[in-house]
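Structure below is my_file.txt: compact mmCIF, C-alpha atoms.
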```txt
# COMPACT_ATOMS: atom_id res chain seq x y z
CA MET A 1 -8.20 -0.42 29.83
CA LYS A 2 -8.65 -2.95 27.05
CA ARG A 3 -6.08 -5.71 27.19
CA GLU A 4 -4.07 -6.21 24.01
CA SER A 5 -4.36 -9.60 22.39
CA ASN A 6 -1.29 -11.76 22.94
CA LYS A 7 -1.80 -13.49 19.60
CA PRO A 8 1.37 -12.89 17.57
CA GLY A 9 -0.41 -12.49 14.24
CA GLY A 10 1.59 -11.58 11.18
CA LEU A 11 1.24 -10.41 7.60
CA VAL A 12 -0.78 -11.89 4.78
CA ILE A 13 0.19 -10.75 1.27
CA VAL A 14 -2.95 -10.64 -0.89
CA ASP A 15 -3.27 -10.38 -4.67
CA LYS A 16 -6.27 -8.04 -4.65
CA PRO A 17 -8.83 -8.65 -7.39
CA ALA A 18 -10.37 -5.89 -9.50
CA GLY A 19 -13.68 -4.56 -8.24
CA PHE A 20 -12.78 -4.93 -4.56
CA THR A 21 -11.94 -2.02 -2.29
CA SER A 22 -9.11 -2.48 0.19
CA HIS A 23 -11.78 -2.48 2.92
CA ASP A 24 -13.62 -5.29 1.13
CA VAL A 25 -10.46 -7.40 1.31
CA VAL A 26 -10.01 -6.59 5.00
CA ALA A 27 -13.59 -7.70 5.64
CA LYS A 28 -12.94 -11.00 3.83
CA MET A 29 -9.80 -11.57 5.86
CA ARG A 30 -11.61 -10.91 9.14
CA GLY A 31 -13.91 -13.79 8.29
CA MET A 32 -11.12 -16.13 7.21
CA ALA A 33 -8.84 -15.34 10.15
CA ARG A 34 -11.72 -15.12 12.65
CA THR A 35 -10.49 -11.88 14.14
CA ARG A 36 -11.62 -8.27 13.94
CA ARG A 37 -8.05 -7.06 14.26
CA VAL A 38 -7.07 -6.79 10.60
CA GLY A 39 -5.71 -3.78 8.72
CA HIS A 40 -3.96 -2.96 5.47
CA ALA A 41 -0.85 -1.02 4.44
CA GLY A 42 -1.49 1.26 1.48
CA THR A 43 -4.88 1.50 -0.20
CA LEU A 44 -5.51 0.18 -3.70
CA ASP A 45 -8.33 1.65 -5.81
CA PRO A 46 -11.13 -0.80 -6.72
CA MET A 47 -9.97 -0.92 -10.36
CA ALA A 48 -6.42 -1.87 -9.37
CA THR A 49 -5.14 -5.37 -8.67
CA GLY A 50 -2.03 -6.77 -7.03
CA VAL A 51 -0.11 -6.60 -3.78
CA LEU A 52 -2.12 -5.56 -0.73
CA VAL A 53 -0.36 -6.13 2.59
CA LEU A 54 -2.67 -7.11 5.44
CA GLY A 55 -1.71 -7.24 9.10
CA LEU A 56 -3.38 -9.55 11.63
CA GLU A 57 -3.46 -9.08 15.39
CA ARG A 58 -0.28 -7.39 16.74
CA ALA A 59 1.14 -7.07 13.22
CA THR A 60 -1.35 -4.24 12.62
CA LYS A 61 1.13 -2.04 14.52
CA LEU A 62 3.55 -2.48 11.61
CA LEU A 63 1.15 -1.27 8.96
CA GLY A 64 1.48 2.49 9.33
CA HIS A 65 5.24 2.19 8.94
CA LEU A 66 5.03 -0.28 6.04
CA ALA A 67 2.66 2.07 4.18
CA LEU A 68 5.50 4.60 3.89
CA THR A 69 7.75 2.31 1.85
CA GLU A 70 8.33 2.42 -1.91
CA LYS A 71 5.83 0.77 -4.24
CA GLU A 72 6.02 -0.64 -7.76
CA TYR A 73 3.31 -0.85 -10.43
CA VAL A 74 2.63 -1.84 -14.02
CA GLY A 75 -0.27 -0.22 -15.84
CA THR A 76 -1.82 1.10 -19.02
CA VAL A 77 -2.18 4.81 -19.77
CA ARG A 78 -4.65 5.85 -22.46
CA LEU A 79 -3.72 9.05 -24.25
CA GLY A 80 -6.56 10.92 -25.94
CA GLN A 81 -9.25 10.88 -23.27
CA THR A 82 -9.65 12.59 -19.89
CA THR A 83 -11.95 11.31 -17.14
CA ILE A 84 -13.28 12.86 -13.95
CA THR A 85 -11.50 10.24 -11.83
CA ASP A 86 -8.28 10.12 -13.92
CA ASP A 87 -8.96 6.42 -14.48
CA ALA A 88 -11.35 4.20 -16.45
CA GLU A 89 -13.97 4.18 -13.68
CA GLY A 90 -14.95 7.80 -14.22
CA GLU A 91 -16.98 9.43 -16.98
CA ILE A 92 -15.08 10.84 -19.95
CA THR A 93 -14.87 14.62 -19.76
CA ALA A 94 -12.81 15.34 -22.91
CA SER A 95 -11.55 13.53 -26.00
CA LYS A 96 -8.89 14.45 -28.55
CA ALA A 97 -7.29 12.37 -31.30
CA ALA A 98 -3.98 10.96 -30.06
CA HIS A 99 -2.51 9.10 -33.03
CA GLY A 100 0.88 9.99 -34.48
CA LEU A 101 2.46 11.07 -31.21
CA ALA A 102 6.26 11.09 -31.42
CA ARG A 103 7.89 8.66 -29.03
CA GLU A 104 10.54 11.21 -28.14
CA ASP A 105 7.81 13.65 -27.06
CA ILE A 106 6.22 10.98 -24.86
CA ASP A 107 9.57 10.09 -23.31
CA ALA A 108 10.43 13.76 -22.72
CA ARG A 109 7.18 14.30 -20.83
CA VAL A 110 7.72 11.09 -18.84
CA ALA A 111 11.15 12.41 -17.84
CA GLN A 112 9.50 15.59 -16.53
CA LEU A 113 7.26 13.44 -14.33
CA SER A 114 10.21 11.49 -12.90
CA GLY A 115 12.36 12.13 -9.86
CA ALA A 116 11.31 14.45 -7.02
CA ILE A 117 8.19 16.22 -8.28
CA MET A 118 5.18 18.14 -6.99
CA GLN A 119 1.99 16.25 -7.76
CA VAL A 120 -1.64 17.31 -7.47
CA PRO A 121 -3.59 14.23 -6.31
CA SER A 122 -6.68 13.12 -8.17
CA LYS A 123 -9.79 15.07 -7.16
CA VAL A 124 -11.82 11.88 -6.75
CA SER A 125 -9.72 10.53 -3.90
CA ALA A 126 -9.97 9.91 -0.17
CA ILE A 127 -7.88 12.97 0.69
CA LYS A 128 -9.65 15.12 3.27
CA ILE A 129 -10.28 18.80 2.60
CA ASN A 130 -11.44 20.62 5.74
CA GLY A 131 -12.45 17.30 7.25
CA LYS A 132 -14.42 16.00 4.26
CA ARG A 133 -13.28 13.47 1.65
CA SER A 134 -12.44 15.01 -1.69
CA TYR A 135 -14.53 12.46 -3.61
CA SER A 136 -17.61 13.42 -1.56
CA ARG A 137 -17.13 17.07 -2.45
CA VAL A 138 -16.76 16.23 -6.15
CA ARG A 139 -19.93 14.10 -6.11
CA GLU A 140 -21.79 17.06 -4.64
CA GLY A 141 -20.68 19.19 -7.60
CA GLU A 142 -18.00 21.17 -5.81
CA ASP A 143 -14.95 22.34 -7.76
CA VAL A 144 -12.26 20.81 -5.58
CA GLN A 145 -8.74 22.25 -5.45
CA ILE A 146 -6.15 19.98 -3.85
CA PRO A 147 -2.71 21.48 -3.22
CA ALA A 148 0.32 19.84 -4.83
CA ARG A 149 2.47 17.67 -2.60
CA PRO A 150 6.01 16.31 -2.97
CA VAL A 151 6.40 12.74 -4.21
CA THR A 152 9.30 10.79 -5.67
CA VAL A 153 8.97 8.81 -8.89
CA SER A 154 12.22 6.85 -8.93
CA SER A 155 11.37 5.07 -12.20
CA PHE A 156 8.75 5.80 -14.88
CA VAL A 157 9.24 3.73 -18.04
CA VAL A 158 7.12 3.39 -21.19
CA HIS A 159 7.56 -0.14 -22.52
CA SER A 160 5.30 0.07 -25.56
CA ALA A 161 2.83 2.33 -27.38
CA HIS A 162 -0.17 1.01 -29.31
CA GLU A 163 -2.51 3.12 -31.44
CA THR A 164 -6.16 2.03 -31.30
CA GLU A 165 -9.70 3.39 -31.12
CA ALA A 166 -11.76 4.01 -28.00
CA GLU A 167 -15.34 2.78 -27.80
CA ASP A 168 -16.63 6.19 -28.88
CA GLY A 169 -14.35 6.14 -31.95
CA THR A 170 -11.66 8.49 -30.60
CA PRO A 171 -8.19 7.65 -31.96
CA VAL A 172 -6.18 6.92 -28.80
CA THR A 173 -2.73 5.60 -27.90
CA ASP A 174 -2.32 3.05 -25.11
CA LEU A 175 1.00 3.00 -23.25
CA LEU A 176 2.24 0.06 -21.22
CA VAL A 177 4.19 1.60 -18.33
CA SER A 178 5.96 0.62 -15.12
CA VAL A 179 6.42 2.93 -12.14
CA GLU A 180 8.44 2.80 -8.93
CA CYS A 181 7.46 5.55 -6.53
CA SER A 182 7.18 6.79 -2.98
CA SER A 183 4.15 6.42 -0.79
CA GLY A 184 1.39 8.90 -1.62
CA THR A 185 2.05 8.93 -5.36
CA TYR A 186 -1.07 8.67 -7.52
CA ILE A 187 -0.41 6.65 -10.67
CA ARG A 188 -3.65 7.92 -12.19
CA ALA A 189 -2.43 11.46 -11.60
CA LEU A 190 0.75 10.58 -13.53
CA ALA A 191 -1.48 9.35 -16.39
CA ARG A 192 -3.52 12.56 -16.24
CA ASP A 193 -0.44 14.79 -16.22
CA LEU A 194 1.28 12.83 -18.99
CA GLY A 195 -1.74 13.30 -21.25
CA ALA A 196 -2.10 16.95 -20.31
CA GLY A 197 1.56 17.61 -21.03
CA LEU A 198 1.17 16.08 -24.49
CA GLY A 199 -1.92 18.18 -25.16
CA VAL A 200 -4.30 15.25 -25.68
CA GLY A 201 -5.42 14.29 -22.18
CA GLY A 202 -4.93 10.94 -20.54
CA HIS A 203 -6.18 8.51 -17.93
CA LEU A 204 -5.30 5.16 -16.40
CA THR A 205 -7.10 2.11 -17.81
CA ALA A 206 -5.36 -0.69 -15.88
CA LEU A 207 -3.12 -0.90 -12.83
CA ARG A 208 -1.40 -3.77 -11.03
CA ARG A 209 0.76 -3.26 -7.95
CA THR A 210 3.70 -5.65 -8.03
CA ARG A 211 5.56 -4.61 -4.88
CA VAL A 212 5.08 -2.88 -1.53
CA GLY A 213 8.47 -2.39 0.10
CA PRO A 214 10.10 -5.87 0.19
CA TYR A 215 6.82 -7.74 -0.39
CA LYS A 216 6.34 -8.82 -4.00
CA LEU A 217 3.64 -10.30 -6.18
CA ASP A 218 5.21 -13.77 -6.15
CA GLN A 219 4.52 -13.87 -2.39
CA ALA A 220 0.87 -12.89 -2.80
CA HIS A 221 -2.18 -15.15 -2.67
CA THR A 222 -5.58 -14.63 -4.26
CA LEU A 223 -8.66 -14.56 -2.05
CA GLU A 224 -9.66 -17.92 -3.53
CA GLN A 225 -6.30 -19.44 -2.60
CA LEU A 226 -6.55 -18.05 0.92
CA GLN A 227 -10.06 -19.39 1.40
CA ALA A 228 -8.95 -22.80 0.09
CA ALA A 229 -6.11 -22.80 2.64
CA VAL A 230 -8.59 -22.08 5.43
CA ASP A 231 -10.98 -24.78 4.23
CA ALA A 232 -8.30 -27.45 3.62
CA PRO A 233 -9.08 -30.63 5.58
CA GLU A 234 -5.44 -30.99 6.63
CA GLY A 235 -5.79 -27.67 8.45
CA GLY A 236 -2.81 -25.84 6.98
CA GLY A 237 -4.51 -22.50 7.56
CA LEU A 238 -3.64 -19.07 6.27
CA PRO A 239 -0.10 -18.46 4.94
CA ILE A 240 0.86 -15.92 7.59
CA MET A 241 4.30 -14.28 7.63
CA PRO A 242 5.37 -14.04 11.29
CA VAL A 243 5.77 -10.54 12.69
CA GLY A 244 9.52 -10.90 13.24
CA GLU A 245 10.14 -12.19 9.72
CA ALA A 246 8.02 -9.36 8.29
CA ALA A 247 9.91 -6.71 10.26
CA ASP A 248 13.31 -8.20 9.36
CA ALA A 249 12.39 -8.01 5.66
CA ALA A 250 11.07 -4.44 5.76
CA PHE A 251 13.32 -2.55 8.19
CA THR A 252 16.97 -2.20 9.15
CA ARG A 253 17.81 -4.82 11.78
CA TRP A 254 19.47 -3.99 15.12
CA ASP A 255 20.57 -6.93 17.28
CA VAL A 256 20.76 -5.88 20.92
CA THR A 257 22.17 -7.52 24.03
CA GLU A 258 20.05 -9.04 26.78
CA ALA A 259 20.67 -6.01 28.98
CA GLN A 260 19.68 -3.62 26.17
CA ALA A 261 16.58 -5.71 25.46
CA ARG A 262 15.41 -5.42 29.08
CA LEU A 263 15.91 -1.66 29.06
CA LEU A 264 14.10 -1.24 25.75
CA LEU A 265 11.11 -3.26 26.90
CA ASN A 266 10.95 -1.18 30.09
CA GLY A 267 10.73 2.02 28.08
CA ALA A 268 14.29 3.24 28.59
CA ARG A 269 15.91 5.26 25.83
CA ILE A 270 19.21 3.49 25.35
CA ALA A 271 22.13 4.58 23.19
CA MET A 272 21.52 3.64 19.56
CA PRO A 273 23.98 3.42 16.67
CA ARG A 274 23.47 5.34 13.46
CA PHE A 275 22.32 3.23 10.53
CA GLU A 276 22.78 4.04 6.87
CA ALA A 277 19.07 3.82 6.01
CA ASP A 278 16.60 6.33 7.44
CA GLY A 279 13.36 5.32 9.06
CA PRO A 280 12.30 2.82 11.72
CA VAL A 281 14.71 0.13 12.91
CA ALA A 282 13.68 -3.36 14.04
CA ALA A 283 15.31 -4.32 17.34
CA PHE A 284 15.89 -8.05 17.95
CA GLY A 285 17.02 -9.70 21.15
CA PRO A 286 19.94 -12.16 21.42
CA ASP A 287 17.46 -15.06 21.18
CA GLY A 288 16.24 -13.73 17.80
CA ARG A 289 12.96 -12.46 19.23
CA PHE A 290 11.55 -9.31 17.60
CA LEU A 291 11.31 -6.73 20.36
CA ALA A 292 10.26 -3.36 18.97
CA LEU A 293 10.32 -0.83 16.19
CA VAL A 294 12.46 2.11 17.24
CA GLU A 295 13.77 5.35 15.80
CA ASN A 296 16.92 7.30 16.53
CA GLN A 297 16.31 10.55 18.38
CA GLY A 298 19.50 12.32 19.30
CA GLY A 299 21.46 9.09 19.50
CA LYS A 300 18.84 7.42 21.71
CA ALA A 301 16.33 4.73 20.74
CA LYS A 302 12.71 5.86 20.96
CA SER A 303 10.17 3.02 20.79
CA LEU A 304 7.53 3.36 18.06
CA ALA A 305 5.82 0.04 18.77
CA VAL A 306 6.67 -2.78 21.16
CA PHE A 307 6.02 -6.37 20.03
CA ALA A 308 7.62 -8.57 22.70
CA ILE A 309 5.16 -9.17 25.52
```

Produce structure tokens that represent the structure in this file.
Amino acid sequence: MKRESNKPGGLVIVDKPAGFTSHDVVAKMRGMARTRRVGHAGTLDPMATGVLVLGLERATKLLGHLALTEKEYVGTVRLGQTTITDDAEGEITASKAAHGLAREDIDARVAQLSGAIMQVPSKVSAIKINGKRSYSRVREGEDVQIPARPVTVSSFVVHSAHETEAEDGTPVTDLLVSVECSSGTYIRALARDLGAGLGVGGHLTALRRTRVGPYKLDQAHTLEQLQAAVDAPEGGGLPIMPVGEAADAAFTRWDVTEAQARLLLNGARIAMPRFEADGPVAAFGPDGRFLALVENQGGKAKSLAVFAI
């Protein structure tokens, strides 16, 4: 059995540049941190920039739970053109003049795409259909049908609308938007559906993620800044958020007694109080040490991941 590293690790909040996949950023971080044990919470498309949460060493056990938290974006939706990928990276499949659109019509359609909705993800995505990525099927010429899935768009706001011309001369309208949404929501699918609902087509031309759960853009570092920190002669190193601090920021905190801590770490399912927020709870010992992520099952604490070793 492979022994788990006892390095505590932590989170690094990256401001992902355009043109990089999330995997590209992970590969860069593996080199900077000199460890293979690096992962990310919530993929960003290559075109998108902004907050990408990376976990190092034992903090990788947090990532699957962090990926389920709410996210926030700002972006630009172009009305008047449809693309195969629902964003600016794909070829244009249809164009229709989109000048003179009434703002009240735009806002009405935005309202229909807000709240708890059923959304069909973009066809060119990493979603698996019968074990094969959807984007691979599309590239092979297959007509992919992805079933709609429930997502929550808690805020979808149009801040401005600007009429302009696309490179091919199509009269288009660019919308500056902000979105707060649940995990699994495709912003480019919102752009597609907004354009379709207005009868002119639409796609996403720019996207920047400004928040993943409690982690915001003002905490993020560019790859250049991270490399400079690694190379600094004073040896400051990477700006790593300790695992306990990361868990305290992202999850409901439960402070347990020494006796409860011993039982938890030995795998016992101890009585657990009900907390207002759903989801995982971060258990901390009386010395402030982060012990485990747990969930309430029938009034008992079930360990999801243990961090104190």

>> Would you compute the distance between atom CA of A:Ala108 and atom CA of A:Gly75? Give it in Å to one decimal.
In response: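 Interatomic distance, atom CA of A:Ala108 to atom CA of A:Gly75: 18.9 Å.
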
>> So that I can see what lies close to A:Val158, please list as number ranges by chain the residues with an atom at most 9 Å from it, counting all atoms listed in the file and leaving out residues fewer than 6 positions away in the same chain.
In response: A: 106-107, 110, 175-178

>> So that I can check the surroundings of stretch 25-27 of chain A, please list as a ChimeraX atom specification every protein, DNA and RNA residue that reaches within 10 Å of it, counting only C-alpha atoms and ignoring chain neighbours fewer than 4 positions away.
In response: /A:14-17,20-21,31-32,35-40,52-56,223

Store the residues picked out above in a file with C-alpha atoms, as a tab-separated table (two decimals), in the coordinates of the input.
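This went into result.tsv:
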```
chain	number	residue	atom	x	y	z
A	14	VAL	CA	-2.95	-10.64	-0.89
A	15	ASP	CA	-3.27	-10.38	-4.67
A	16	LYS	CA	-6.27	-8.04	-4.65
A	17	PRO	CA	-8.83	-8.65	-7.39
A	20	PHE	CA	-12.78	-4.93	-4.56
A	21	THR	CA	-11.94	-2.02	-2.29
A	31	GLY	CA	-13.91	-13.79	8.29
A	32	MET	CA	-11.12	-16.13	7.21
A	35	THR	CA	-10.49	-11.88	14.14
A	36	ARG	CA	-11.62	-8.27	13.94
A	37	ARG	CA	-8.05	-7.06	14.26
A	38	VAL	CA	-7.07	-6.79	10.60
A	39	GLY	CA	-5.71	-3.78	8.72
A	40	HIS	CA	-3.96	-2.96	5.47
A	52	LEU	CA	-2.12	-5.56	-0.73
A	53	VAL	CA	-0.36	-6.13	2.59
A	54	LEU	CA	-2.67	-7.11	5.44
A	55	GLY	CA	-1.71	-7.24	9.10
A	56	LEU	CA	-3.38	-9.55	11.63
A	223	LEU	CA	-8.66	-14.56	-2.05
```

>> What's around A:Val243 at 8 Å? Count all atoms listed in the file, leave out sequence neighbours fewer than 5 positions away in its own chain, and write the answer as a ChimeraX atom specification.
In response: /A:8-11,58-59,290

>> Env of stretch 83-96 of chain A: 6 Å cut, atoms = all atoms listed in the file, seq-sep filter 2 positions within chain, self excluded. Answer as a list in words.
In response: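 Residues meeting the cut-off are Gly80, Gln81, Val124, Arg188, Arg192, Val200, His203, Leu204 and Thr205 of chain A.
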
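Between A:Val157 and the candidates A:Val179, A:Ala301, A:Leu293, A:Ala102, the tightest atom-to-atom separation, counting all atoms listed in the file, involves A:Val179.
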
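The two atoms in question, atom CA of A:Thr257 and atom CA of A:Phe284, are spaced 8.8 Å apart.
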